[in-house]
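File shown here: entry_32.cif, holding mmCIF, C-alpha atoms.
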```
data_input
#
loop_
_atom_site.group_PDB
_atom_site.id
_atom_site.type_symbol
_atom_site.label_atom_id
_atom_site.label_comp_id
_atom_site.auth_asym_id
_atom_site.auth_seq_id
_atom_site.Cartn_x
_atom_site.Cartn_y
_atom_site.Cartn_z
ATOM 1 C CA MET A 134 -51.870 89.678 -17.884
ATOM 2 C CA ARG A 135 -50.598 86.908 -20.190
ATOM 3 C CA VAL A 136 -53.738 87.128 -22.297
ATOM 4 C CA LYS A 137 -53.173 90.883 -22.677
ATOM 5 C CA ALA A 138 -49.564 90.303 -23.732
ATOM 6 C CA ILE A 139 -50.553 87.763 -26.369
ATOM 7 C CA LEU A 140 -53.360 90.003 -27.634
ATOM 8 C CA GLY A 141 -50.838 92.832 -27.835
ATOM 9 C CA ALA A 142 -48.568 90.679 -29.979
ATOM 10 C CA ILE A 143 -51.445 89.887 -32.303
ATOM 11 C CA LEU A 144 -52.248 93.593 -32.688
ATOM 12 C CA LEU A 145 -48.603 94.410 -33.456
ATOM 13 C CA CYS A 146 -47.896 91.558 -35.868
ATOM 14 C CA GLY A 147 -51.315 90.561 -37.164
ATOM 15 C CA THR A 148 -50.890 87.003 -35.872
ATOM 16 C CA LEU A 149 -48.591 85.375 -33.363
ATOM 17 C CA SER A 150 -47.008 83.355 -36.156
ATOM 18 C CA ALA A 151 -46.092 86.608 -37.908
ATOM 19 C CA CYS A 152 -43.964 87.422 -34.844
ATOM 20 C CA GLY A 153 -42.364 83.981 -34.989
ATOM 21 C CA LEU A 154 -44.413 82.848 -31.986
ATOM 22 C CA GLU A 155 -46.421 79.629 -31.881
ATOM 23 C CA VAL A 156 -48.248 78.880 -28.627
ATOM 24 C CA ASN A 157 -48.508 75.307 -27.409
ATOM 25 C CA THR A 158 -50.594 75.361 -24.255
ATOM 26 C CA ALA A 159 -49.118 72.253 -22.659
ATOM 27 C CA LEU A 160 -46.199 69.865 -22.897
ATOM 28 C CA PRO A 161 -46.970 66.643 -24.792
ATOM 29 C CA TYR A 162 -45.265 64.606 -22.037
ATOM 30 C CA LYS A 163 -46.385 63.313 -18.672
ATOM 31 C CA ILE A 164 -43.976 64.879 -16.188
ATOM 32 C CA GLU A 165 -43.582 63.329 -12.755
ATOM 33 C CA PRO A 166 -41.233 64.698 -10.074
ATOM 34 C CA GLY A 167 -37.798 63.180 -9.601
ATOM 35 C CA SER A 168 -35.005 64.993 -7.834
ATOM 36 C CA ILE A 169 -36.921 68.158 -8.749
ATOM 37 C CA GLN A 170 -39.808 68.020 -6.297
ATOM 38 C CA PRO A 171 -43.034 70.058 -6.235
ATOM 39 C CA ILE A 172 -42.599 73.509 -4.707
ATOM 40 C CA PRO A 173 -45.814 74.690 -3.023
ATOM 41 C CA ALA A 174 -45.201 78.330 -3.949
ATOM 42 C CA LEU A 175 -45.104 77.405 -7.652
ATOM 43 C CA LYS A 176 -48.361 75.450 -7.698
ATOM 44 C CA GLY A 177 -50.600 77.010 -10.314
ATOM 45 C CA VAL A 178 -48.075 79.696 -11.306
ATOM 46 C CA GLU A 179 -48.256 80.235 -15.062
ATOM 47 C CA VAL A 180 -44.809 80.313 -16.697
ATOM 48 C CA THR A 181 -44.261 80.696 -20.436
ATOM 49 C CA VAL A 182 -40.967 79.300 -21.694
ATOM 50 C CA GLY A 183 -39.584 80.486 -25.013
ATOM 51 C CA SER A 184 -36.656 79.435 -27.144
ATOM 52 C CA LYS A 185 -34.929 80.405 -30.339
ATOM 53 C CA ASP A 186 -35.364 78.355 -33.488
ATOM 54 C CA PHE A 187 -32.266 76.141 -33.489
ATOM 55 C CA THR A 188 -31.852 72.663 -32.087
ATOM 56 C CA GLU A 189 -29.772 73.344 -28.996
ATOM 57 C CA ASN A 190 -31.924 76.209 -27.784
ATOM 58 C CA ILE A 191 -35.149 74.287 -28.381
ATOM 59 C CA ILE A 192 -33.759 71.360 -26.354
ATOM 60 C CA LEU A 193 -32.850 73.742 -23.536
ATOM 61 C CA GLY A 194 -36.337 75.241 -23.687
ATOM 62 C CA TYR A 195 -37.929 71.828 -23.277
ATOM 63 C CA MET A 196 -35.599 71.013 -20.378
ATOM 64 C CA ALA A 197 -36.702 74.190 -18.615
ATOM 65 C CA GLU A 198 -40.357 73.388 -19.224
ATOM 66 C CA MET A 199 -40.009 69.899 -17.795
ATOM 67 C CA ALA A 200 -38.083 71.118 -14.754
ATOM 68 C CA LEU A 201 -40.707 73.750 -13.963
ATOM 69 C CA SER A 202 -43.550 71.307 -14.577
ATOM 70 C CA ALA A 203 -41.992 68.885 -12.097
ATOM 71 C CA ALA A 204 -41.790 71.776 -9.621
ATOM 72 C CA GLY A 205 -45.529 72.368 -9.965
ATOM 73 C CA ALA A 206 -45.755 75.359 -12.321
ATOM 74 C CA ASP A 207 -48.314 75.575 -15.119
ATOM 75 C CA VAL A 208 -46.035 75.731 -18.139
ATOM 76 C CA ILE A 209 -46.902 77.207 -21.512
ATOM 77 C CA ASP A 210 -44.673 76.112 -24.394
ATOM 78 C CA LEU A 211 -43.461 78.894 -26.694
ATOM 79 C CA THR A 212 -40.353 77.223 -28.083
ATOM 80 C CA ASP A 213 -39.052 77.763 -31.625
ATOM 81 C CA ILE A 214 -39.328 81.562 -31.894
ATOM 82 C CA LYS A 215 -37.816 82.687 -35.173
ATOM 83 C CA GLY A 216 -34.605 84.620 -34.552
ATOM 84 C CA SER A 217 -32.681 85.974 -31.575
ATOM 85 C CA ASN A 218 -34.237 89.434 -31.695
ATOM 86 C CA SER A 219 -37.791 88.052 -31.682
ATOM 87 C CA SER A 220 -36.948 85.770 -28.768
ATOM 88 C CA ARG A 221 -35.441 88.652 -26.846
ATOM 89 C CA GLN A 222 -38.425 90.928 -27.514
ATOM 90 C CA ALA A 223 -40.801 88.217 -26.357
ATOM 91 C CA LEU A 224 -38.978 88.111 -23.021
ATOM 92 C CA LEU A 225 -38.739 91.885 -22.643
ATOM 93 C CA THR A 226 -42.435 92.424 -23.386
ATOM 94 C CA GLY A 227 -43.715 89.627 -21.143
ATOM 95 C CA GLN A 228 -44.847 87.227 -23.864
ATOM 96 C CA THR A 229 -42.366 84.753 -22.379
ATOM 97 C CA ASP A 230 -41.034 84.467 -18.830
ATOM 98 C CA VAL A 231 -37.999 82.227 -19.313
ATOM 99 C CA ALA A 232 -35.545 82.072 -22.215
ATOM 100 C CA TRP A 233 -32.089 80.516 -22.514
ATOM 101 C CA GLU A 234 -29.592 83.080 -23.704
ATOM 102 C CA TYR A 235 -25.865 83.165 -24.416
ATOM 103 C CA THR A 236 -23.424 85.498 -22.710
ATOM 104 C CA GLY A 237 -21.698 86.609 -25.905
ATOM 105 C CA THR A 238 -25.012 87.292 -27.638
ATOM 106 C CA GLY A 239 -26.183 89.367 -24.700
ATOM 107 C CA TRP A 240 -22.955 91.367 -24.597
ATOM 108 C CA ILE A 241 -22.573 91.978 -28.346
ATOM 109 C CA ASN A 242 -26.056 91.815 -29.873
ATOM 110 C CA TYR A 243 -28.296 93.189 -27.131
ATOM 111 C CA GLN A 244 -25.981 95.505 -25.215
ATOM 112 C CA GLY A 245 -24.197 96.923 -28.241
ATOM 113 C CA ASN A 246 -20.563 96.122 -27.440
ATOM 114 C CA GLU A 247 -18.162 95.333 -30.270
ATOM 115 C CA LEU A 248 -15.520 93.254 -28.517
ATOM 116 C CA PRO A 249 -15.737 90.398 -25.995
ATOM 117 C CA VAL A 250 -14.781 90.838 -22.359
ATOM 118 C CA PRO A 251 -11.198 89.684 -21.716
ATOM 119 C CA GLY A 252 -10.600 87.173 -18.972
ATOM 120 C CA GLY A 253 -12.612 84.117 -19.998
ATOM 121 C CA GLU A 254 -16.036 82.671 -19.363
ATOM 122 C CA LYS A 255 -16.681 83.966 -15.854
ATOM 123 C CA ALA A 256 -15.644 87.517 -16.731
ATOM 124 C CA GLN A 257 -17.915 87.557 -19.798
ATOM 125 C CA TYR A 258 -20.808 86.169 -17.754
ATOM 126 C CA GLU A 259 -20.432 88.636 -14.896
ATOM 127 C CA ALA A 260 -20.207 91.640 -17.216
ATOM 128 C CA THR A 261 -23.205 90.557 -19.295
ATOM 129 C CA LYS A 262 -25.281 89.741 -16.228
ATOM 130 C CA ALA A 263 -24.605 93.077 -14.533
ATOM 131 C CA ALA A 264 -25.245 95.170 -17.634
ATOM 132 C CA ASP A 265 -28.455 93.382 -18.644
ATOM 133 C CA GLU A 266 -30.054 93.750 -15.231
ATOM 134 C CA ALA A 267 -29.063 97.409 -14.982
ATOM 135 C CA LYS A 268 -30.136 98.388 -18.512
ATOM 136 C CA PHE A 269 -33.023 96.051 -19.299
ATOM 137 C CA GLY A 270 -34.281 94.507 -16.054
ATOM 138 C CA ILE A 271 -33.267 90.995 -17.121
ATOM 139 C CA THR A 272 -31.760 88.598 -14.574
ATOM 140 C CA TRP A 273 -29.280 85.927 -15.649
ATOM 141 C CA LEU A 274 -29.295 82.837 -13.421
ATOM 142 C CA ASN A 275 -26.183 80.739 -12.804
ATOM 143 C CA TYR A 276 -24.330 80.056 -16.022
ATOM 144 C CA SER A 277 -23.843 76.620 -17.468
ATOM 145 C CA PRO A 278 -20.637 74.812 -18.456
ATOM 146 C CA LEU A 279 -22.349 74.620 -21.861
ATOM 147 C CA ASN A 280 -20.425 77.094 -24.027
ATOM 148 C CA ASP A 281 -21.626 77.186 -27.638
ATOM 149 C CA GLN A 282 -18.942 79.242 -29.357
ATOM 150 C CA TYR A 283 -18.140 80.142 -32.911
ATOM 151 C CA GLY A 284 -15.328 78.174 -34.465
ATOM 152 C CA PHE A 285 -13.860 76.869 -37.705
ATOM 153 C CA ALA A 286 -13.953 73.256 -38.791
ATOM 154 C CA VAL A 287 -12.390 71.100 -41.491
ATOM 155 C CA THR A 288 -12.870 67.425 -42.205
ATOM 156 C CA GLU A 289 -10.886 65.049 -40.031
ATOM 157 C CA ALA A 290 -9.025 63.820 -43.094
ATOM 158 C CA TYR A 291 -8.092 67.362 -44.197
ATOM 159 C CA GLY A 292 -7.032 68.329 -40.690
ATOM 160 C CA ALA A 293 -4.871 65.235 -40.270
ATOM 161 C CA ALA A 294 -3.244 65.582 -43.701
ATOM 162 C CA ASN A 295 -2.283 69.203 -43.036
ATOM 163 C CA ASN A 296 -1.586 68.950 -39.289
ATOM 164 C CA LEU A 297 -4.306 71.440 -38.366
ATOM 165 C CA LYS A 298 -5.267 71.532 -34.699
ATOM 166 C CA THR A 299 -5.631 75.241 -33.943
ATOM 167 C CA THR A 300 -6.780 78.307 -35.859
ATOM 168 C CA SER A 301 -3.182 79.552 -35.709
ATOM 169 C CA ASP A 302 -2.178 76.343 -37.516
ATOM 170 C CA LEU A 303 -4.784 77.153 -40.143
ATOM 171 C CA ALA A 304 -3.554 80.731 -40.635
ATOM 172 C CA ALA A 305 0.043 79.555 -41.067
ATOM 173 C CA PHE A 306 -1.019 76.824 -43.495
ATOM 174 C CA LEU A 307 -3.061 79.209 -45.677
ATOM 175 C CA LYS A 308 -0.120 81.579 -46.158
ATOM 176 C CA GLY A 309 1.533 78.884 -48.236
ATOM 177 C CA LYS A 310 -1.663 77.529 -49.804
ATOM 178 C CA PRO A 311 -3.653 80.485 -51.193
ATOM 179 C CA ASP A 312 -5.790 78.143 -53.306
ATOM 180 C CA GLN A 313 -7.168 76.681 -50.043
ATOM 181 C CA ASN A 314 -8.037 80.094 -48.554
ATOM 182 C CA VAL A 315 -11.800 79.528 -48.963
ATOM 183 C CA PHE A 316 -14.288 79.891 -46.112
ATOM 184 C CA CYS A 317 -17.960 78.881 -45.952
ATOM 185 C CA LEU A 318 -19.649 81.460 -43.709
ATOM 186 C CA GLU A 319 -23.178 82.578 -42.938
ATOM 187 C CA THR A 320 -23.908 86.157 -43.989
ATOM 188 C CA GLU A 321 -24.293 87.538 -40.456
ATOM 189 C CA PHE A 322 -21.021 85.984 -39.290
ATOM 190 C CA THR A 323 -19.187 87.584 -42.212
ATOM 191 C CA SER A 324 -19.819 91.100 -40.910
ATOM 192 C CA ARG A 325 -20.594 91.014 -37.182
ATOM 193 C CA GLN A 326 -17.727 92.244 -35.025
ATOM 194 C CA ASP A 327 -17.570 89.079 -32.927
ATOM 195 C CA GLY A 328 -17.545 86.930 -36.073
ATOM 196 C CA PHE A 329 -15.175 86.757 -39.026
ATOM 197 C CA PRO A 330 -13.731 90.286 -38.528
ATOM 198 C CA ALA A 331 -12.632 89.182 -35.049
ATOM 199 C CA ALA A 332 -10.915 86.141 -36.535
ATOM 200 C CA VAL A 333 -9.168 88.264 -39.169
ATOM 201 C CA ARG A 334 -7.912 90.661 -36.475
ATOM 202 C CA ALA A 335 -6.611 87.827 -34.310
ATOM 203 C CA TYR A 336 -5.155 85.492 -36.942
ATOM 204 C CA GLY A 337 -4.342 87.746 -39.896
ATOM 205 C CA PHE A 338 -6.097 85.830 -42.684
ATOM 206 C CA GLN A 339 -5.002 87.381 -46.010
ATOM 207 C CA ASN A 340 -7.496 87.874 -48.885
ATOM 208 C CA PRO A 341 -9.852 85.011 -48.005
ATOM 209 C CA VAL A 342 -12.462 83.878 -50.504
ATOM 210 C CA ILE A 343 -15.841 83.842 -48.757
ATOM 211 C CA LYS A 344 -18.784 81.725 -49.825
ATOM 212 C CA ASN A 345 -22.002 82.574 -47.995
ATOM 213 C CA PHE A 346 -24.271 79.728 -46.918
ATOM 214 C CA GLY A 347 -27.074 79.216 -44.444
ATOM 215 C CA ILE A 348 -25.623 77.873 -41.204
ATOM 216 C CA GLY A 349 -27.377 74.540 -41.649
ATOM 217 C CA THR A 350 -25.690 73.857 -45.002
ATOM 218 C CA ILE A 351 -22.149 74.839 -44.030
ATOM 219 C CA TYR A 352 -21.513 71.519 -42.289
ATOM 220 C CA SER A 353 -22.409 69.454 -45.352
ATOM 221 C CA ALA A 354 -20.503 71.866 -47.622
ATOM 222 C CA VAL A 355 -17.314 71.273 -45.621
ATOM 223 C CA ALA A 356 -17.929 67.527 -45.407
ATOM 224 C CA SER A 357 -18.446 67.300 -49.186
ATOM 225 C CA GLY A 358 -15.385 69.395 -50.037
ATOM 226 C CA THR A 359 -17.300 72.383 -51.420
ATOM 227 C CA CYS A 360 -15.306 74.485 -48.957
ATOM 228 C CA PRO A 361 -12.182 73.377 -47.104
ATOM 229 C CA ILE A 362 -13.040 75.531 -44.053
ATOM 230 C CA GLY A 363 -16.398 76.347 -42.493
ATOM 231 C CA GLU A 364 -17.892 78.367 -39.658
ATOM 232 C CA ILE A 365 -19.530 76.154 -37.043
ATOM 233 C CA PHE A 366 -21.098 76.260 -33.596
ATOM 234 C CA THR A 367 -18.966 74.146 -31.303
ATOM 235 C CA THR A 368 -21.836 72.126 -29.792
ATOM 236 C CA ASP A 369 -23.565 71.258 -33.075
ATOM 237 C CA GLY A 370 -24.291 67.550 -33.412
ATOM 238 C CA ARG A 371 -23.352 67.552 -37.091
ATOM 239 C CA ILE A 372 -19.696 67.922 -36.066
ATOM 240 C CA ALA A 373 -19.721 64.332 -34.837
ATOM 241 C CA GLY A 374 -22.196 63.119 -37.435
ATOM 242 C CA LEU A 375 -20.097 64.357 -40.377
ATOM 243 C CA ASN A 376 -16.704 63.607 -38.798
ATOM 244 C CA LEU A 377 -15.491 67.210 -38.737
ATOM 245 C CA ARG A 378 -12.533 68.562 -36.789
ATOM 246 C CA VAL A 379 -13.049 71.773 -34.788
ATOM 247 C CA LEU A 380 -9.947 73.956 -34.709
ATOM 248 C CA GLU A 381 -9.098 75.432 -31.328
ATOM 249 C CA ASP A 382 -9.575 79.198 -31.081
ATOM 250 C CA ASP A 383 -6.153 79.454 -29.454
ATOM 251 C CA LYS A 384 -6.002 83.268 -29.602
ATOM 252 C CA LYS A 385 -9.508 83.620 -28.118
ATOM 253 C CA ALA A 386 -10.841 85.686 -31.012
ATOM 254 C CA PHE A 387 -14.461 84.761 -30.317
ATOM 255 C CA PRO A 388 -16.503 85.662 -27.243
ATOM 256 C CA GLN A 389 -17.654 83.141 -24.685
ATOM 257 C CA TYR A 390 -21.227 81.945 -25.244
ATOM 258 C CA ASN A 391 -22.205 80.185 -22.034
ATOM 259 C CA ALA A 392 -25.878 79.281 -21.910
ATOM 260 C CA VAL A 393 -27.928 80.876 -19.127
ATOM 261 C CA ALA A 394 -31.617 80.870 -18.233
ATOM 262 C CA THR A 395 -32.821 84.481 -18.240
ATOM 263 C CA LEU A 396 -35.976 85.997 -16.751
ATOM 264 C CA ARG A 397 -37.398 89.464 -16.237
ATOM 265 C CA THR A 398 -36.171 90.576 -12.843
ATOM 266 C CA GLU A 399 -39.656 91.687 -11.803
ATOM 267 C CA PHE A 400 -41.126 88.266 -12.589
ATOM 268 C CA LEU A 401 -38.308 86.417 -10.804
ATOM 269 C CA ASN A 402 -38.729 88.613 -7.736
ATOM 270 C CA GLN A 403 -42.395 87.598 -7.650
ATOM 271 C CA HIS A 404 -41.489 83.899 -7.958
ATOM 272 C CA PRO A 405 -37.931 83.358 -6.651
ATOM 273 C CA GLU A 406 -38.613 79.623 -6.389
ATOM 274 C CA LEU A 407 -38.171 79.387 -10.176
ATOM 275 C CA ARG A 408 -34.429 79.704 -9.718
ATOM 276 C CA GLY A 409 -33.730 76.295 -8.156
ATOM 277 C CA PRO A 410 -35.151 73.962 -10.845
ATOM 278 C CA LEU A 411 -33.652 75.993 -13.681
ATOM 279 C CA GLU A 412 -30.197 76.203 -12.111
ATOM 280 C CA ALA A 413 -30.207 72.449 -11.439
ATOM 281 C CA VAL A 414 -30.559 71.858 -15.173
ATOM 282 C CA SER A 415 -27.953 74.462 -16.157
ATOM 283 C CA ALA A 416 -25.363 72.927 -13.816
ATOM 284 C CA ALA A 417 -25.855 69.467 -15.315
ATOM 285 C CA ILE A 418 -25.476 70.116 -19.059
ATOM 286 C CA ASP A 419 -22.138 70.592 -20.822
ATOM 287 C CA ASN A 420 -20.721 70.646 -24.349
ATOM 288 C CA GLU A 421 -20.065 66.927 -24.663
ATOM 289 C CA GLN A 422 -23.612 66.035 -23.675
ATOM 290 C CA MET A 423 -25.175 68.713 -25.881
ATOM 291 C CA ILE A 424 -23.216 67.593 -28.936
ATOM 292 C CA GLU A 425 -24.691 64.111 -28.475
ATOM 293 C CA LEU A 426 -28.231 65.454 -27.923
ATOM 294 C CA CYS A 427 -28.024 67.682 -31.013
ATOM 295 C CA LYS A 428 -26.651 64.768 -33.033
ATOM 296 C CA GLN A 429 -29.702 62.724 -32.106
ATOM 297 C CA VAL A 430 -31.893 65.483 -33.564
ATOM 298 C CA ASP A 431 -29.917 66.815 -36.543
ATOM 299 C CA VAL A 432 -28.296 63.584 -37.690
ATOM 300 C CA ASP A 433 -30.565 60.820 -36.396
ATOM 301 C CA GLY A 434 -33.811 62.714 -37.012
ATOM 302 C CA ARG A 435 -35.313 62.506 -33.520
ATOM 303 C CA ASP A 436 -37.666 65.067 -31.968
ATOM 304 C CA GLN A 437 -36.121 67.739 -29.733
ATOM 305 C CA GLY A 438 -38.719 67.275 -26.994
ATOM 306 C CA GLU A 439 -38.244 63.515 -26.901
ATOM 307 C CA VAL A 440 -34.461 63.918 -26.646
ATOM 308 C CA ALA A 441 -34.822 66.450 -23.821
ATOM 309 C CA TYR A 442 -37.332 64.217 -22.012
ATOM 310 C CA GLU A 443 -35.006 61.218 -22.071
ATOM 311 C CA TRP A 444 -32.084 63.325 -20.804
ATOM 312 C CA MET A 445 -34.159 64.760 -17.954
ATOM 313 C CA LYS A 446 -35.219 61.254 -16.919
ATOM 314 C CA LYS A 447 -31.669 59.902 -17.212
ATOM 315 C CA LYS A 448 -30.427 62.681 -14.933
ATOM 316 C CA GLY A 449 -33.171 61.858 -12.449
ATOM 317 C CA PHE A 450 -34.731 65.332 -12.539
ATOM 318 C CA ILE A 451 -38.091 63.834 -13.542
ATOM 319 C CA SER A 452 -39.544 60.354 -13.452
#
```
Do you think you could lay out the structure here as structure tokens?
Amino acid sequence: MRVKAILGAILLCGTLSACGLEVNTALPYKIEPGSIQPIPALKGVEVTVGSKDFTENIILGYMAEMALSAAGADVIDLTDIKGSNSSRQALLTGQTDVAWEYTGTGWINYQGNELPVPGGEKAQYEATKAADEAKFGITWLNYSPLNDQYGFAVTEAYGAANNLKTTSDLAAFLKGKPDQNVFCLETEFTSRQDGFPAAVRAYGFQNPVIKNFGIGTIYSAVASGTCPIGEIFTTDGRIAGLNLRVLEDDKKAFPQYNAVATLRTEFLNQHPELRGPLEAVSAAIDNEQMIELCKQVDVDGRDQGEVAYEWMKKKGFIS
């Protein structure tokens, strides 16, 4: 069945790479069981793990692959799929079996809602989980403390000089400093309802000047002073590497984006033993740890797989 799915992708896109999919048949690491022990029912079960194309999600993909390998599954690596929609389609069509997703992305991007669920992380997770299984046959496993939200950042020096700790502080400051009302934003964030429009509704920014950048260059643009304020992801390692200050979203303008391993419900029902190893990993990772792991990749230049491998060994999941 997997061969048919991959052949189908080739027919649709011409090549797998045209879909943003690059197949690596095996992990380049020797995985031995640790606290995650072999599960007889998973021996020989073929599981393809996908990920999106940014550092955090690739790291999570490798963690899932190593956990399932330790449990005895035959893992196929399909990390680094280009774009959220391609990653989602790969899961829906059976080209991948496991993909880490974010509750806010599921609720807004895939299920078509405009506003986040009120009530915090658990409420957003429960609503997203219920809707995705009912509408699309996708099961969300237990959610992680890892919550990679949108936010705004300034340099530590700028934040200290202007007493900026929250986004409300920023909004009040900009009312008296219109020359500083300049935001570095990625194009998608500028228009999507859970992005900058949500911040404008919540905080009342007046006539901001917007400079559009790729997300990877926003961090350096803020650090260099090209823009005083930039859009960031709150677990990005460049926050620590470039000494940026993340402003608290004190009015909760942005949705919750807890990371969750997702699978097609049909596939999970066939192999319910997949749940345990994946949920062990999700329970163990949080924002502080992920910031450090992403820093090792994006600032120190290390390989995502190597960073994930060391973390899995440190946690005792593998040996």
| field | Straight-line distance linking atom CA of Ser324 of chain A with atom CA of Pro251 of chain A, stated in Å to one decimal | value |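 Interatomic distance here is 21.1 Å.
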Close residues, segment 226-238 of chain A itself excluded, 7 Å, only C-alpha atoms, min 5 positions apart in chain, as a PDB file with C-alpha atoms, in the frame of the given file:
```pdb
ATOM      1  CA  ARG A 135     -50.598  86.908 -20.190  1.00  0.00           C
ATOM      2  CA  ALA A 138     -49.564  90.303 -23.732  1.00  0.00           C
ATOM      3  CA  ILE A 139     -50.553  87.763 -26.369  1.00  0.00           C
ATOM      4  CA  VAL A 180     -44.809  80.313 -16.697  1.00  0.00           C
ATOM      5  CA  THR A 181     -44.261  80.696 -20.436  1.00  0.00           C
ATOM      6  CA  VAL A 182     -40.967  79.300 -21.694  1.00  0.00           C
ATOM      7  CA  GLY A 183     -39.584  80.486 -25.013  1.00  0.00           C
ATOM      8  CA  SER A 184     -36.656  79.435 -27.144  1.00  0.00           C
ATOM      9  CA  ASN A 190     -31.924  76.209 -27.784  1.00  0.00           C
ATOM     10  CA  LEU A 193     -32.850  73.742 -23.536  1.00  0.00           C
ATOM     11  CA  GLY A 194     -36.337  75.241 -23.687  1.00  0.00           C
ATOM     12  CA  TYR A 243     -28.296  93.189 -27.131  1.00  0.00           C
ATOM     13  CA  GLN A 257     -17.915  87.557 -19.798  1.00  0.00           C
ATOM     14  CA  TYR A 258     -20.808  86.169 -17.754  1.00  0.00           C
ATOM     15  CA  THR A 261     -23.205  90.557 -19.295  1.00  0.00           C
ATOM     16  CA  PRO A 388     -16.503  85.662 -27.243  1.00  0.00           C
ATOM     17  CA  GLN A 389     -17.654  83.141 -24.685  1.00  0.00           C
ATOM     18  CA  TYR A 390     -21.227  81.945 -25.244  1.00  0.00           C
ATOM     19  CA  ASN A 391     -22.205  80.185 -22.034  1.00  0.00           C
ATOM     20  CA  ALA A 392     -25.878  79.281 -21.910  1.00  0.00           C
ATOM     21  CA  VAL A 393     -27.928  80.876 -19.127  1.00  0.00           C
ATOM     22  CA  ALA A 394     -31.617  80.870 -18.233  1.00  0.00           C
ATOM     23  CA  THR A 395     -32.821  84.481 -18.240  1.00  0.00           C
ATOM     24  CA  LEU A 396     -35.976  85.997 -16.751  1.00  0.00           C
ATOM     25  CA  ARG A 397     -37.398  89.464 -16.237  1.00  0.00           C
TER      26      ARG A 397
END
```
With 5 Å on each side, where is the centre of the axis-aligned box around all listed atoms of segment 261-270 of chain A, and how long are its edges in Å to one decimal, as AutoDock Vina command-line options?
```
--center_x -28.7 --center_y 94.1 --center_z -16.9 --size_x 21.1 --size_y 18.6 --size_z 14.8
```
| Using the chain letters and numbers from the file, which residues does the PyMOL selection byres ((chain A and resi 167) around 10) grab, as a PyMOL selection string? | chain A and resi 164-166+168-171+200+203-204+445-446+448-452
Report as a compact mmCIF listing (two decimals) with C-alpha atoms, keeping the file's coordinate frame the residues that result from applying the PyMOL selection byres ((chain A and resi 188) around 8) to the structure here.
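Dumped to out_13.txt:
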```txt
# COMPACT_ATOMS: atom_id res chain seq x y z
CA ASP A 186 -35.36 78.36 -33.49
CA PHE A 187 -32.27 76.14 -33.49
CA GLU A 189 -29.77 73.34 -29.00
CA ASN A 190 -31.92 76.21 -27.78
CA ILE A 191 -35.15 74.29 -28.38
CA ILE A 192 -33.76 71.36 -26.35
CA CYS A 427 -28.02 67.68 -31.01
CA VAL A 430 -31.89 65.48 -33.56
CA ASP A 431 -29.92 66.82 -36.54
CA GLN A 437 -36.12 67.74 -29.73
```
| query | What separation in Å, quoted to one decimal, exists between atom CA of Leu201 of chain A and atom CA of Gly409 of chain A? | reply | 9.4 Å
| task | Could you check which of A:Leu318, A:Val178, A:Ala331, A:Leu307 is closest to Ile365 of chain A, using only C-alpha atoms? | result | A:Leu318
| request: To verify the selection step, state as a list in words which residues the PyMOL selection byres ((chain A and resi 423) around 8) yields on this input. | output: Glu189, Leu279, Thr368, Asp369, Gly370, Ile418, Asp419, Asn420, Glu421, Gln422, Ile424, Glu425, Leu426 and Cys427 of chain A
| task | In Å, rounded to a single decimal, give me how far atom CA of Pro161 of chain A is from atom CA of Pro173 of chain A. | result | 23.2 Å
| said: At a cut-off of 10 Å around the point (-8.2, 70.0, -40.5) (file coordinates), what residues fall inside when counting all atoms listed in the file? I'd like the answer as a VMD selection string. | reply: chain A and resid 285 to 300 302 to 303 361 to 362 377 to 380
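Using all atoms listed in the file, the shortest contact distance between Thr320 of chain A and any of A:Ala335, A:Ala386, A:Ala305, A:Ile343 is found at A:Ile343.
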| request: Would you mind telling me which residue in A:Gln429, A:Thr367, A:Gly347, A:Phe387 lies nearest to Val333 of chain A when using all atoms listed in the file? | output: A:Phe387
| request: Show which residues sit within 12 Å of Pro330 of chain A, as number ranges by chain. Count only C-alpha atoms, and ignore same-chain residues fewer than 2 positions away. | output: A: 247-248, 318, 321-328, 332-339, 341, 386-387
| query | List as a list in words: which residues have an atom within 6 Å of (-37.7, 82.1, -34.2), counting only C-alpha atoms? | reply |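 Taken together, the residues in range are Gly153, Lys185, Asp186, Asp213, Ile214, Lys215 and Gly216 of chain A.
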Saved selection, atoms kept: C-alpha atoms, as a CSV table (one decimal), in the coordinates of the input:
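In the end it all went to result.csv:
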```
chain,number,residue,atom,x,y,z
A,153,GLY,CA,-42.4,84.0,-35.0
A,185,LYS,CA,-34.9,80.4,-30.3
A,186,ASP,CA,-35.4,78.4,-33.5
A,213,ASP,CA,-39.1,77.8,-31.6
A,214,ILE,CA,-39.3,81.6,-31.9
A,215,LYS,CA,-37.8,82.7,-35.2
A,216,GLY,CA,-34.6,84.6,-34.6
```
| field | Nearest candidate to Ala256 of chain A (options A:Phe400, A:Leu411, A:Tyr276, A:Ala416; using all atoms listed in the file) | value | A:Tyr276
